Structure formats: structure tokens, C-alpha cells
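The next block is structure18.cif, given as mmCIF, C-alpha atoms.
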data_work
#
loop_
_atom_site.group_PDB
_atom_site.id
_atom_site.type_symbol
_atom_site.label_atom_id
_atom_site.label_comp_id
_atom_site.auth_asym_id
_atom_site.auth_seq_id
_atom_site.Cartn_x
_atom_site.Cartn_y
_atom_site.Cartn_z
ATOM 1 C CA MET A 273 -16.460 -6.878 27.538
ATOM 2 C CA THR A 274 -16.277 -10.256 29.263
ATOM 3 C CA GLU A 275 -18.488 -11.061 32.243
ATOM 4 C CA SER A 276 -15.542 -11.227 34.659
ATOM 5 C CA ILE A 277 -14.282 -7.767 33.646
ATOM 6 C CA ARG A 278 -17.804 -6.342 33.915
ATOM 7 C CA LYS A 279 -18.222 -7.745 37.438
ATOM 8 C CA PHE A 280 -14.778 -6.506 38.408
ATOM 9 C CA ARG A 281 -15.513 -2.971 37.235
ATOM 10 C CA GLU A 282 -18.741 -3.044 39.235
ATOM 11 C CA SER A 283 -16.853 -4.021 42.381
ATOM 12 C CA LEU A 284 -14.317 -1.243 41.825
ATOM 13 C CA ASN A 285 -17.089 1.314 41.533
ATOM 14 C CA SER A 286 -18.976 0.070 44.571
ATOM 15 C CA ARG A 287 -18.678 1.475 48.087
ATOM 16 C CA GLN A 288 -17.142 -1.806 49.157
ATOM 17 C CA GLY A 289 -14.341 -1.804 46.594
ATOM 18 C CA SER A 290 -12.509 -4.833 45.237
ATOM 19 C CA LEU A 291 -10.486 -7.410 47.188
ATOM 20 C CA GLY A 292 -8.305 -10.204 45.865
ATOM 21 C CA PRO A 293 -5.260 -12.213 46.944
ATOM 22 C CA PHE A 294 -1.834 -12.267 45.398
ATOM 23 C CA MET A 295 -1.254 -15.860 44.322
ATOM 24 C CA ILE A 296 2.101 -17.535 43.685
ATOM 25 C CA THR A 297 0.598 -21.013 43.442
ATOM 26 C CA SER A 298 1.011 -23.286 40.445
ATOM 27 C CA ASP A 299 -2.098 -25.254 41.458
ATOM 28 C CA ALA A 300 -5.350 -24.373 39.690
ATOM 29 C CA ALA A 301 -7.332 -25.854 42.595
ATOM 30 C CA LEU A 302 -6.186 -23.058 44.898
ATOM 31 C CA VAL A 303 -7.243 -20.445 42.347
ATOM 32 C CA GLU A 304 -10.665 -22.062 42.045
ATOM 33 C CA ALA A 305 -10.978 -22.208 45.851
ATOM 34 C CA ALA A 306 -10.171 -18.479 46.037
ATOM 35 C CA ALA A 307 -12.881 -17.792 43.484
ATOM 36 C CA LEU A 308 -15.366 -19.886 45.453
ATOM 37 C CA ALA A 309 -14.457 -17.972 48.620
ATOM 38 C CA GLY A 310 -15.877 -14.854 46.992
ATOM 39 C CA TYR A 311 -12.837 -12.719 46.151
ATOM 40 C CA ASP A 312 -13.484 -10.103 43.475
ATOM 41 C CA PHE A 313 -10.310 -11.041 41.590
ATOM 42 C CA VAL A 314 -7.223 -13.218 41.826
ATOM 43 C CA LEU A 315 -3.817 -11.655 41.300
ATOM 44 C CA LEU A 316 -1.555 -14.210 39.649
ATOM 45 C CA ASP A 317 2.026 -13.212 40.363
ATOM 46 C CA MET A 318 4.537 -13.938 37.596
ATOM 47 C CA GLU A 319 7.084 -11.560 39.116
ATOM 48 C CA HIS A 320 7.648 -13.371 42.411
ATOM 49 C CA GLY A 321 5.922 -16.693 41.792
ATOM 50 C CA PRO A 322 7.522 -19.786 40.215
ATOM 51 C CA GLY A 323 4.851 -20.294 37.547
ATOM 52 C CA THR A 324 5.280 -20.499 33.781
ATOM 53 C CA TYR A 325 3.074 -19.099 31.050
ATOM 54 C CA GLU A 326 2.073 -22.650 30.130
ATOM 55 C CA ASN A 327 0.766 -23.087 33.669
ATOM 56 C CA LEU A 328 -0.689 -19.561 33.828
ATOM 57 C CA GLN A 329 -3.375 -20.365 31.274
ATOM 58 C CA ASN A 330 -4.647 -23.178 33.520
ATOM 59 C CA LEU A 331 -4.820 -20.863 36.527
ATOM 60 C CA ILE A 332 -6.815 -18.402 34.418
ATOM 61 C CA ARG A 333 -9.164 -21.195 33.314
ATOM 62 C CA ALA A 334 -9.802 -22.077 36.978
ATOM 63 C CA ALA A 335 -10.868 -18.506 37.745
ATOM 64 C CA GLU A 336 -12.991 -18.249 34.607
ATOM 65 C CA VAL A 337 -15.088 -21.237 35.700
ATOM 66 C CA HIS A 338 -16.591 -18.879 38.283
ATOM 67 C CA ASN A 339 -16.368 -15.624 36.260
ATOM 68 C CA VAL A 340 -13.709 -14.201 38.562
ATOM 69 C CA MET A 341 -11.358 -11.572 37.200
ATOM 70 C CA THR A 342 -7.727 -12.529 36.620
ATOM 71 C CA VAL A 343 -5.056 -9.905 37.123
ATOM 72 C CA VAL A 344 -1.557 -11.016 36.111
ATOM 73 C CA ARG A 345 1.484 -9.281 37.522
ATOM 74 C CA VAL A 346 4.104 -9.603 34.818
ATOM 75 C CA PRO A 347 7.859 -9.629 35.414
ATOM 76 C CA ARG A 348 9.436 -6.225 35.093
ATOM 77 C CA GLY A 349 11.289 -4.903 32.114
ATOM 78 C CA THR A 350 9.841 -6.469 28.956
ATOM 79 C CA ASP A 351 6.791 -5.803 26.793
ATOM 80 C CA ILE A 352 6.557 -9.397 25.570
ATOM 81 C CA MET A 353 5.502 -10.536 29.046
ATOM 82 C CA ILE A 354 2.501 -8.204 28.876
ATOM 83 C CA ASP A 355 1.586 -9.592 25.466
ATOM 84 C CA ARG A 356 1.890 -13.216 26.597
ATOM 85 C CA ALA A 357 -0.238 -12.709 29.721
ATOM 86 C CA LEU A 358 -3.020 -11.155 27.654
ATOM 87 C CA ASP A 359 -2.731 -13.817 24.950
ATOM 88 C CA VAL A 360 -3.496 -16.578 27.464
ATOM 89 C CA GLY A 361 -6.548 -14.707 28.748
ATOM 90 C CA ALA A 362 -5.619 -12.282 31.547
ATOM 91 C CA GLY A 363 -8.339 -9.737 32.228
ATOM 92 C CA ALA A 364 -5.806 -7.187 33.447
ATOM 93 C CA VAL A 365 -2.060 -6.808 33.698
ATOM 94 C CA LEU A 366 -0.268 -5.366 36.711
ATOM 95 C CA ILE A 367 3.007 -3.841 35.560
ATOM 96 C CA PRO A 368 5.714 -3.247 38.189
ATOM 97 C CA GLN A 369 8.351 -0.557 38.642
ATOM 98 C CA ILE A 370 6.832 2.319 36.684
ATOM 99 C CA ASP A 371 8.922 5.355 37.587
ATOM 100 C CA ASN A 372 8.041 7.950 34.949
ATOM 101 C CA ALA A 373 5.537 8.951 32.288
ATOM 102 C CA GLU A 374 7.490 7.434 29.394
ATOM 103 C CA GLN A 375 7.534 4.025 31.060
ATOM 104 C CA ALA A 376 3.807 4.369 31.738
ATOM 105 C CA ARG A 377 3.050 5.179 28.097
ATOM 106 C CA LYS A 378 5.125 2.239 26.844
ATOM 107 C CA ALA A 379 3.439 -0.185 29.243
ATOM 108 C CA ILE A 380 -0.048 0.902 28.224
ATOM 109 C CA ALA A 381 0.838 0.761 24.522
ATOM 110 C CA ALA A 382 2.143 -2.796 24.963
ATOM 111 C CA ALA A 383 -1.230 -3.865 26.369
ATOM 112 C CA LYS A 384 -3.399 -2.347 23.616
ATOM 113 C CA PHE A 385 -3.900 -3.159 19.946
ATOM 114 C CA SER A 386 -3.632 -0.464 17.287
ATOM 115 C CA PRO A 387 -4.698 2.329 17.117
ATOM 116 C CA ARG A 388 -4.496 2.581 20.929
ATOM 117 C CA GLY A 389 -1.160 0.803 21.219
ATOM 118 C CA ASN A 390 1.320 -1.548 19.620
ATOM 119 C CA ARG A 391 0.498 -4.950 21.095
ATOM 120 C CA GLY A 392 1.613 -7.829 18.881
ATOM 121 C CA VAL A 393 -1.200 -9.245 16.755
ATOM 122 C CA CYS A 394 -2.200 -12.899 16.624
ATOM 123 C CA ARG A 395 -5.787 -14.142 16.447
ATOM 124 C CA TYR A 396 -4.982 -17.798 17.165
ATOM 125 C CA VAL A 397 -4.214 -17.348 20.855
ATOM 126 C CA ARG A 398 -6.333 -18.557 23.759
ATOM 127 C CA ALA A 399 -7.810 -15.084 24.371
ATOM 128 C CA ALA A 400 -9.200 -15.187 20.805
ATOM 129 C CA GLN A 401 -10.545 -18.701 21.318
ATOM 130 C CA TYR A 402 -7.818 -20.054 19.040
ATOM 131 C CA GLY A 403 -9.180 -18.287 15.971
ATOM 132 C CA SER A 404 -12.812 -19.308 16.389
ATOM 133 C CA MET A 405 -13.815 -15.856 17.651
ATOM 134 C CA ASN A 406 -14.852 -13.164 15.199
ATOM 135 C CA THR A 407 -11.658 -11.248 14.466
ATOM 136 C CA ALA A 408 -13.071 -7.726 14.748
ATOM 137 C CA GLU A 409 -14.906 -8.651 17.947
ATOM 138 C CA TYR A 410 -11.728 -10.052 19.480
ATOM 139 C CA PHE A 411 -9.615 -6.988 18.790
ATOM 140 C CA GLU A 412 -12.321 -4.693 20.130
ATOM 141 C CA GLN A 413 -12.894 -6.791 23.251
ATOM 142 C CA ALA A 414 -9.171 -7.224 23.864
ATOM 143 C CA ASN A 415 -8.743 -3.477 24.239
ATOM 144 C CA ASP A 416 -11.158 -3.602 27.194
ATOM 145 C CA THR A 417 -8.559 -5.480 29.224
ATOM 146 C CA MET A 418 -7.263 -3.310 32.036
ATOM 147 C CA VAL A 419 -3.858 -1.821 32.762
ATOM 148 C CA ILE A 420 -2.701 -1.402 36.358
ATOM 149 C CA LEU A 421 0.594 0.412 36.862
ATOM 150 C CA GLN A 422 2.711 0.023 39.981
ATOM 151 C CA ALA A 423 4.177 3.281 41.284
ATOM 152 C CA GLU A 424 6.365 1.712 43.910
ATOM 153 C CA GLY A 425 9.220 3.962 44.950
ATOM 154 C CA LYS A 426 10.307 7.486 45.707
ATOM 155 C CA THR A 427 11.306 8.084 42.091
ATOM 156 C CA ALA A 428 7.750 7.337 41.004
ATOM 157 C CA PHE A 429 6.458 9.617 43.752
ATOM 158 C CA ASP A 430 8.696 12.448 42.551
ATOM 159 C CA ASN A 431 7.332 11.960 39.002
ATOM 160 C CA LEU A 432 3.755 11.300 40.087
ATOM 161 C CA ASP A 433 2.130 14.311 38.437
ATOM 162 C CA GLU A 434 3.493 13.393 35.010
ATOM 163 C CA ILE A 435 2.631 9.695 35.458
ATOM 164 C CA LEU A 436 -0.949 10.536 36.407
ATOM 165 C CA SER A 437 -1.277 12.662 33.268
ATOM 166 C CA VAL A 438 -0.753 9.634 31.004
ATOM 167 C CA GLU A 439 -3.958 8.488 29.308
ATOM 168 C CA GLY A 440 -5.065 4.887 29.742
ATOM 169 C CA ILE A 441 -4.199 4.104 33.366
ATOM 170 C CA ASP A 442 -7.067 2.084 34.800
ATOM 171 C CA ILE A 443 -5.556 1.815 38.297
ATOM 172 C CA LEU A 444 -2.411 3.200 39.903
ATOM 173 C CA PHE A 445 -1.115 0.600 42.363
ATOM 174 C CA ILE A 446 0.982 1.648 45.351
ATOM 175 C CA GLY A 447 3.510 -0.950 46.491
ATOM 176 C CA PRO A 448 4.020 -0.159 50.198
ATOM 177 C CA TYR A 449 6.923 -2.561 50.674
ATOM 178 C CA ASP A 450 8.906 -1.246 47.714
ATOM 179 C CA LEU A 451 8.030 2.297 48.760
ATOM 180 C CA SER A 452 9.315 1.631 52.266
ATOM 181 C CA GLY A 453 12.571 0.289 50.841
ATOM 182 C CA SER A 454 13.089 3.319 48.613
ATOM 183 C CA LEU A 455 12.634 5.552 51.671
ATOM 184 C CA GLY A 456 15.270 3.689 53.672
ATOM 185 C CA LEU A 457 12.598 2.041 55.827
ATOM 186 C CA ILE A 458 12.456 -1.396 54.218
ATOM 187 C CA GLY A 459 9.577 -3.507 55.495
ATOM 188 C CA GLN A 460 8.248 -0.756 57.764
ATOM 189 C CA VAL A 461 5.008 -0.297 55.848
ATOM 190 C CA ASN A 462 3.240 1.234 58.857
ATOM 191 C CA HIS A 463 5.938 3.824 59.505
ATOM 192 C CA PRO A 464 4.431 7.363 59.613
ATOM 193 C CA THR A 465 6.657 8.494 56.722
ATOM 194 C CA VAL A 466 5.500 5.621 54.491
ATOM 195 C CA ILE A 467 1.865 6.225 55.419
ATOM 196 C CA SER A 468 2.182 9.939 54.632
ATOM 197 C CA TYR A 469 3.557 9.161 51.167
ATOM 198 C CA ILE A 470 0.701 6.752 50.459
ATOM 199 C CA LYS A 471 -1.878 9.305 51.582
ATOM 200 C CA GLU A 472 -0.350 11.914 49.297
ATOM 201 C CA ILE A 473 -0.455 9.510 46.335
ATOM 202 C CA ILE A 474 -4.127 8.774 47.039
ATOM 203 C CA LYS A 475 -4.842 12.498 47.192
ATOM 204 C CA LYS A 476 -3.045 13.331 43.937
ATOM 205 C CA ALA A 477 -4.585 10.397 42.074
ATOM 206 C CA GLY A 478 -8.037 11.475 43.258
ATOM 207 C CA GLU A 479 -7.453 14.942 41.879
ATOM 208 C CA LYS A 480 -6.689 13.366 38.481
ATOM 209 C CA ASN A 481 -9.649 10.931 38.703
ATOM 210 C CA VAL A 482 -7.292 7.940 38.611
ATOM 211 C CA MET A 483 -8.364 4.966 40.696
ATOM 212 C CA VAL A 484 -5.884 3.752 43.319
ATOM 213 C CA GLY A 485 -4.906 0.289 44.502
ATOM 214 C CA THR A 486 -2.530 -0.951 47.152
ATOM 215 C CA PHE A 487 -1.429 -4.001 49.106
ATOM 216 C CA ALA A 488 -2.685 -4.982 52.564
ATOM 217 C CA ASP A 489 -1.280 -7.704 54.816
ATOM 218 C CA ASN A 490 -4.502 -8.028 56.822
ATOM 219 C CA VAL A 491 -8.190 -7.166 56.740
ATOM 220 C CA GLU A 492 -7.840 -4.251 59.158
ATOM 221 C CA THR A 493 -5.320 -2.554 56.875
ATOM 222 C CA ALA A 494 -7.461 -3.317 53.817
ATOM 223 C CA VAL A 495 -10.484 -1.668 55.433
ATOM 224 C CA LYS A 496 -8.384 1.340 56.477
ATOM 225 C CA TRP A 497 -7.217 1.997 52.920
ATOM 226 C CA ARG A 498 -10.644 1.308 51.447
ATOM 227 C CA ASP A 499 -12.157 3.899 53.760
ATOM 228 C CA MET A 500 -9.570 6.382 52.481
ATOM 229 C CA GLY A 501 -10.697 5.845 48.911
ATOM 230 C CA VAL A 502 -8.551 2.919 47.723
ATOM 231 C CA LYS A 503 -10.742 0.726 45.532
ATOM 232 C CA PHE A 504 -8.380 -2.111 44.563
ATOM 233 C CA ILE A 505 -6.838 -4.108 47.412
ATOM 234 C CA GLY A 506 -4.246 -6.792 46.696
ATOM 235 C CA TYR A 507 -4.649 -8.859 49.832
ATOM 236 C CA SER A 508 -1.848 -10.868 51.436
ATOM 237 C CA CYS A 509 -0.707 -13.945 49.469
ATOM 238 C CA ASP A 510 -2.109 -17.431 49.034
ATOM 239 C CA MET A 511 0.811 -19.071 50.834
ATOM 240 C CA GLY A 512 0.658 -16.566 53.681
ATOM 241 C CA LEU A 513 -3.087 -17.044 54.060
ATOM 242 C CA PHE A 514 -2.646 -20.811 54.226
ATOM 243 C CA TYR A 515 0.250 -20.579 56.663
ATOM 244 C CA ASN A 516 -1.549 -18.179 59.017
ATOM 245 C CA ALA A 517 -4.720 -20.290 59.075
ATOM 246 C CA ALA A 518 -2.735 -23.496 59.613
ATOM 247 C CA LYS A 519 -0.546 -21.970 62.343
ATOM 248 C CA LYS A 520 -3.611 -20.674 64.184
ATOM 249 C CA ASP A 521 -5.148 -24.155 64.188
ATOM 250 C CA VAL A 522 -1.908 -25.855 65.233
ATOM 251 C CA ASP A 523 -1.378 -23.413 68.112
ATOM 252 C CA ALA A 524 -4.976 -23.874 69.300
ATOM 253 C CA PHE A 525 -4.615 -27.640 69.159
ATOM 254 C CA HIS A 526 -1.412 -27.607 71.202
ATOM 255 C CA ILE A 527 -2.898 -25.268 73.803
ATOM 256 C CA ASN A 528 -5.861 -27.569 74.294
ATOM 257 C CA LYS A 529 -4.061 -30.918 74.296
#
Entire entry expressed as C-alpha cells:
Amino acid sequence: MTESIRKFRESLNSRQGSLGPFMITSDAALVEAAALAGYDFVLLDMEHGPGTYENLQNLIRAAEVHNVMTVVRVPRGTDIMIDRALDVGAGAVLIPQIDNAEQARKAIAAAKFSPRGNRGVCRYVRAAQYGSMNTAEYFEQANDTMVILQAEGKTAFDNLDEILSVEGIDILFIGPYDLSGSLGLIGQVNHPTVISYIKEIIKKAGEKNVMVGTFADNVETAVKWRDMGVKFIGYSCDMGLFYNAAKKDVDAFHINK
């Protein structure tokens, strides 16, 4: 197990839990700055961000300089994206739009080498140090990488019991915005109906001993979910964090001019 994954697992199992920003940047400097700020992980978003896999490996390198965990959210709908993210060194993959147990099983299998799964085999990738790493050690270590499944909508909620019964889920991630949309309340992530669904997911996952993650727009919301047992918090977004900090400074400057 790599040092970054070990530290990440420790943060997940701590009272404090684990906090990290979604990042759509293509600039490795921002990833390194996030690591220096003390986040437990960085969540590199290939679903909504403009980055390429060529660039992704450089973002992962920037996090690795400081032994910070890299979670890569892959685009939906194809196993090869899971394979490619892991090949360039992702410590975990976040897989969106999991609505049933069969999709969950296929996603986990795509992220694991045989006999645990059917991930494509190549020992000359970056994650295997381009062939310089002992082959047996690489394949064993690679299966320690983590799988985070996104249960984002009402369909997933309706199939939650069967999804939670699938072996190999490291974290079940609740997407509050997608959930709100599927409930006809798009964007209303603090609506009582949306909150009640999230609480029920946390409860059911706890009964199955499956760790839960979710998204929080602000620290207050992150603390609220952490105190309810959520251990993995995807926090805001790099561009939103920059904008909010910049806007606060600009407004203060104009007030005081």
C-alpha cells in the first residue's frame, strides 16, 4: 500500500474524517497548493473538468510530491476510463451514476486485477513505474487502490439495499445535486426532502458497514455531515474556492476605498 493511500485510510477512520476539494484545474501548481494547504485528498474531476489523461498524470505527480491521496472521478459509462486513471497513478476512482447492483459489480471489477476483477493488464504504465517495479508487487499493490461509487439519484436510492450488498465498495458517495434533480428539486440540496433521503442513505450504509461520502459547498455543511457519520467530504471546487476568496477581498477593498 502506498503512503498516500495509508494516510488517506487513517483520515477516513479518524473522528475528524477526510476532506478534499473537487478540482477541475489543468494546472499542477493548484493541486500542489491544495496539498500544501493540508487537504486529506484531492479529487481530480474528469467528468466535469476539461483535463486530458496526458495532463492528469502531471496533476497526480503534483499531489504525490506531498503524499496526498488522488481520487479521480472518471467520466460515466466506460470501463476504459477507470483503467486509464489507475494506470497513470490514481489512488482511488470515483465512478458516477451507479444505479443498481450490476453496475456496481462491473465498476469494481474494472478497477481490480484478476482474480478480484477484470482490469486490463499492462506493467509498463506509470503506476507500475514503467516496468521497473517488481511485477507481482505491482499487481498486489494495485488492488489496494480504492473504489468509490456514486449513488446519485432516486433510482439508486430505490436499489440501495442491493447496491450496498455488493462486495468491494470502499465508499458510497451521495451526490446531493444529482439527487435533488432526480427528486424534481434541482439545485435545492438543503430542501427537507433531499436531506431526508441523504439521512436514510447514511443510515442504511451504516447498517451494512459501508463508509459514506458526500459533497459540501461550505465548511458548515461539511461539519454537519461529518457529525452525522459521513467520513469522506468532497468539498466545493477549486474554481469556486478561488472565486469566493477573490470576491470577498474585492468587496472588502471597495467598501474601504
Length of the atom CA of A:Gly323 to atom CA of A:Val522 vector [Å] =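 Atom CA of A:Gly323 sits 29.0 Å away from atom CA of A:Val522.
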Could you tell me which residues the PyMOL selection byres ((chain A and resi 350-356) around 10) grabs in this file, written as a PyMOL selection string?
-> chain A and resi 318+325+328+344-349+357-362+364-367+378-384+390-393+397+419
Q. Mind pulling up the distance from atom CA of A:Tyr410 to atom CA of A:Pro368?
A.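 Between these atoms lies a distance of 26.5 Å.
Distance-wise, atom CA of A:Gly506 and atom CA of A:Phe445 end up 9.1 Å apart.
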With distances taken over only C-alpha atoms, the candidate from A:Thr465, A:Ser276, A:Thr427, A:Ser508 nearest A:Ala335 is A:Ser276
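For the set A:Gly363, A:Gly453, A:Gly425, A:Gly289, the residue with the smallest atom-to-atom gap to A:Leu315 is A:Gly363, counting all atoms listed in the file.
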Which residue out of A:Gly501, A:Pro322, A:Gly459, A:Gly447 has the minimum interatomic distance to A:Gly478 when all atoms listed in the file are used?
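Answer, going by the shortest atom-to-atom distance: A:Gly501.
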Practice task
Apply the PyMOL selection byres ((chain A and resi 435) around 10) to the structure shown and report the selected residues as a list in words.
Solution key: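 So the PyMOL selection byres ((chain A and resi 435) around 10), applied here, picks out Ile370, Asp371, Asn372, Ala373, Glu374, Gln375, Ala376, Arg377, Leu421, Ala423, Ala428, Phe429, Asp430, Asn431, Leu432, Asp433, Glu434, Leu436, Ser437, Val438, Glu439, Ile441, Leu444 and Ala477 of chain A.
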Can you spit out the residues from that selection as a PDB file, in the frame of the given file, using C-alpha atoms?
ATOM      1  CA  ILE A 370       6.832   2.319  36.684  1.00  0.00           C
ATOM      2  CA  ASP A 371       8.922   5.355  37.587  1.00  0.00           C
ATOM      3  CA  ASN A 372       8.041   7.950  34.949  1.00  0.00           C
ATOM      4  CA  ALA A 373       5.537   8.951  32.288  1.00  0.00           C
ATOM      5  CA  GLU A 374       7.490   7.434  29.394  1.00  0.00           C
ATOM      6  CA  GLN A 375       7.534   4.025  31.060  1.00  0.00           C
ATOM      7  CA  ALA A 376       3.807   4.369  31.738  1.00  0.00           C
ATOM      8  CA  ARG A 377       3.050   5.179  28.097  1.00  0.00           C
ATOM      9  CA  LEU A 421       0.594   0.412  36.862  1.00  0.00           C
ATOM     10  CA  ALA A 423       4.177   3.281  41.284  1.00  0.00           C
ATOM     11  CA  ALA A 428       7.750   7.337  41.004  1.00  0.00           C
ATOM     12  CA  PHE A 429       6.458   9.617  43.752  1.00  0.00           C
ATOM     13  CA  ASP A 430       8.696  12.448  42.551  1.00  0.00           C
ATOM     14  CA  ASN A 431       7.332  11.960  39.002  1.00  0.00           C
ATOM     15  CA  LEU A 432       3.755  11.300  40.087  1.00  0.00           C
ATOM     16  CA  ASP A 433       2.130  14.311  38.437  1.00  0.00           C
ATOM     17  CA  GLU A 434       3.493  13.393  35.010  1.00  0.00           C
ATOM     18  CA  LEU A 436      -0.949  10.536  36.407  1.00  0.00           C
ATOM     19  CA  SER A 437      -1.277  12.662  33.268  1.00  0.00           C
ATOM     20  CA  VAL A 438      -0.753   9.634  31.004  1.00  0.00           C
ATOM     21  CA  GLU A 439      -3.958   8.488  29.308  1.00  0.00           C
ATOM     22  CA  ILE A 441      -4.199   4.104  33.366  1.00  0.00           C
ATOM     23  CA  LEU A 444      -2.411   3.200  39.903  1.00  0.00           C
ATOM     24  CA  ALA A 477      -4.585  10.397  42.074  1.00  0.00           C
TER      25      ALA A 477
END
Got a sec to resolve the PyMOL selection byres ((chain A and resi 279-287) around 9) on this structure and send the residues as a PyMOL selection string? chain A and resi 274-278+288-291+312-313+339-341+483+498-499+503-504
Per residue of stretch 315-426 of chain A within 9 Å of stretch 300-306 of chain A, record the nearest atom pair and its distance in Å to one decimal, counting only C-alpha atoms, with rows in chain order and ascending residue number, as JSON lines.
{"residue": "A:Leu316", "atom": "CA", "partner": "A:Val303", "partner_atom": "CA", "distance": 8.9}
{"residue": "A:Asn327", "atom": "CA", "partner": "A:Ala300", "partner_atom": "CA", "distance": 8.7}
{"residue": "A:Leu328", "atom": "CA", "partner": "A:Ala300", "partner_atom": "CA", "distance": 8.9}
{"residue": "A:Asn330", "atom": "CA", "partner": "A:Ala300", "partner_atom": "CA", "distance": 6.3}
{"residue": "A:Leu331", "atom": "CA", "partner": "A:Ala300", "partner_atom": "CA", "distance": 4.8}
{"residue": "A:Ile332", "atom": "CA", "partner": "A:Ala300", "partner_atom": "CA", "distance": 8.1}
{"residue": "A:Arg333", "atom": "CA", "partner": "A:Ala300", "partner_atom": "CA", "distance": 8.1}
{"residue": "A:Ala334", "atom": "CA", "partner": "A:Glu304", "partner_atom": "CA", "distance": 5.1}
{"residue": "A:Ala335", "atom": "CA", "partner": "A:Glu304", "partner_atom": "CA", "distance": 5.6}
{"residue": "A:Glu336", "atom": "CA", "partner": "A:Glu304", "partner_atom": "CA", "distance": 8.7}
{"residue": "A:Val337", "atom": "CA", "partner": "A:Glu304", "partner_atom": "CA", "distance": 7.8}
{"residue": "A:His338", "atom": "CA", "partner": "A:Glu304", "partner_atom": "CA", "distance": 7.7}
Would you compute, for all listed atoms of stretch 283-288 of chain A, the axis-aligned bounding box grown by 8 Å on each side, and then report its centre and edge lengths in Å rounded to one decimal, as JSON?
{"center_x": -16.6, "center_y": -1.3, "center_z": 45.3, "size_x": 20.7, "size_y": 21.5, "size_z": 23.6}
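Of the residues listed (A:Arg395, A:Asn516, A:Ile420, A:Thr324), A:Arg395 shows the shortest atom-to-atom separation from A:Ala408; distances use only C-alpha atoms.
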For A:Gly310, which residue among A:Gly512, A:Gly440, A:Pro464, A:Pro293 is the nearest when counting only C-alpha atoms?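 Answer, going by the shortest atom-to-atom distance: A:Pro293.
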Starting from the incomplete input, reconstruct N, CA, C and O atoms of stretch 411-424 of chain A and report them as a PDB file, keeping the file's coordinate frame.
ATOM      1  N   PHE A 411     -10.491  -8.143  18.633  1.00  0.00           N
ATOM      2  CA  PHE A 411      -9.615  -6.988  18.790  1.00  0.00           C
ATOM      3  C   PHE A 411     -10.295  -5.864  19.561  1.00  0.00           C
ATOM      4  O   PHE A 411      -9.653  -5.174  20.360  1.00  0.00           O
ATOM      5  N   GLU A 412     -11.596  -5.719  19.369  1.00  0.00           N
ATOM      6  CA  GLU A 412     -12.321  -4.693  20.130  1.00  0.00           C
ATOM      7  C   GLU A 412     -12.409  -5.085  21.606  1.00  0.00           C
ATOM      8  O   GLU A 412     -12.150  -4.273  22.500  1.00  0.00           O
ATOM      9  N   GLN A 413     -12.753  -6.326  21.871  1.00  0.00           N
ATOM     10  CA  GLN A 413     -12.894  -6.791  23.251  1.00  0.00           C
ATOM     11  C   GLN A 413     -11.548  -6.792  23.965  1.00  0.00           C
ATOM     12  O   GLN A 413     -11.461  -6.458  25.153  1.00  0.00           O
ATOM     13  N   ALA A 414     -10.493  -7.151  23.249  1.00  0.00           N
ATOM     14  CA  ALA A 414      -9.171  -7.224  23.864  1.00  0.00           C
ATOM     15  C   ALA A 414      -8.722  -5.873  24.399  1.00  0.00           C
ATOM     16  O   ALA A 414      -8.000  -5.808  25.406  1.00  0.00           O
ATOM     17  N   ASN A 415      -9.140  -4.803  23.769  1.00  0.00           N
ATOM     18  CA  ASN A 415      -8.743  -3.477  24.239  1.00  0.00           C
ATOM     19  C   ASN A 415      -9.534  -3.031  25.459  1.00  0.00           C
ATOM     20  O   ASN A 415      -9.282  -1.939  25.988  1.00  0.00           O
ATOM     21  N   ASP A 416     -10.472  -3.868  25.917  1.00  0.00           N
ATOM     22  CA  ASP A 416     -11.158  -3.602  27.194  1.00  0.00           C
ATOM     23  C   ASP A 416     -10.368  -4.145  28.379  1.00  0.00           C
ATOM     24  O   ASP A 416     -10.680  -3.833  29.526  1.00  0.00           O
ATOM     25  N   THR A 417      -9.367  -4.984  28.120  1.00  0.00           N
ATOM     26  CA  THR A 417      -8.559  -5.480  29.224  1.00  0.00           C
ATOM     27  C   THR A 417      -7.879  -4.300  29.913  1.00  0.00           C
ATOM     28  O   THR A 417      -7.584  -3.282  29.292  1.00  0.00           O
ATOM     29  N   MET A 418      -7.645  -4.451  31.213  1.00  0.00           N
ATOM     30  CA  MET A 418      -7.263  -3.310  32.036  1.00  0.00           C
ATOM     31  C   MET A 418      -5.757  -3.270  32.303  1.00  0.00           C
ATOM     32  O   MET A 418      -5.098  -4.296  32.346  1.00  0.00           O
ATOM     33  N   VAL A 419      -5.277  -2.043  32.490  1.00  0.00           N
ATOM     34  CA  VAL A 419      -3.858  -1.821  32.762  1.00  0.00           C
ATOM     35  C   VAL A 419      -3.711  -1.183  34.145  1.00  0.00           C
ATOM     36  O   VAL A 419      -4.261  -0.114  34.413  1.00  0.00           O
ATOM     37  N   ILE A 420      -2.971  -1.877  35.001  1.00  0.00           N
ATOM     38  CA  ILE A 420      -2.701  -1.402  36.358  1.00  0.00           C
ATOM     39  C   ILE A 420      -1.198  -1.163  36.465  1.00  0.00           C
ATOM     40  O   ILE A 420      -0.406  -2.079  36.243  1.00  0.00           O
ATOM     41  N   LEU A 421      -0.822   0.061  36.778  1.00  0.00           N
ATOM     42  CA  LEU A 421       0.594   0.412  36.862  1.00  0.00           C
ATOM     43  C   LEU A 421       1.026   0.531  38.312  1.00  0.00           C
ATOM     44  O   LEU A 421       0.344   1.158  39.124  1.00  0.00           O
ATOM     45  N   GLN A 422       2.177  -0.052  38.624  1.00  0.00           N
ATOM     46  CA  GLN A 422       2.711   0.023  39.981  1.00  0.00           C
ATOM     47  C   GLN A 422       3.679   1.191  40.105  1.00  0.00           C
ATOM     48  O   GLN A 422       4.745   1.205  39.487  1.00  0.00           O
ATOM     49  N   ALA A 423       3.294   2.168  40.928  1.00  0.00           N
ATOM     50  CA  ALA A 423       4.177   3.281  41.284  1.00  0.00           C
ATOM     51  C   ALA A 423       4.726   2.948  42.664  1.00  0.00           C
ATOM     52  O   ALA A 423       4.062   3.163  43.672  1.00  0.00           O
ATOM     53  N   GLU A 424       5.941   2.420  42.709  1.00  0.00           N
ATOM     54  CA  GLU A 424       6.365   1.712  43.910  1.00  0.00           C
ATOM     55  C   GLU A 424       7.404   2.428  44.759  1.00  0.00           C
ATOM     56  O   GLU A 424       7.582   2.078  45.924  1.00  0.00           O
TER      57      GLU A 424
END
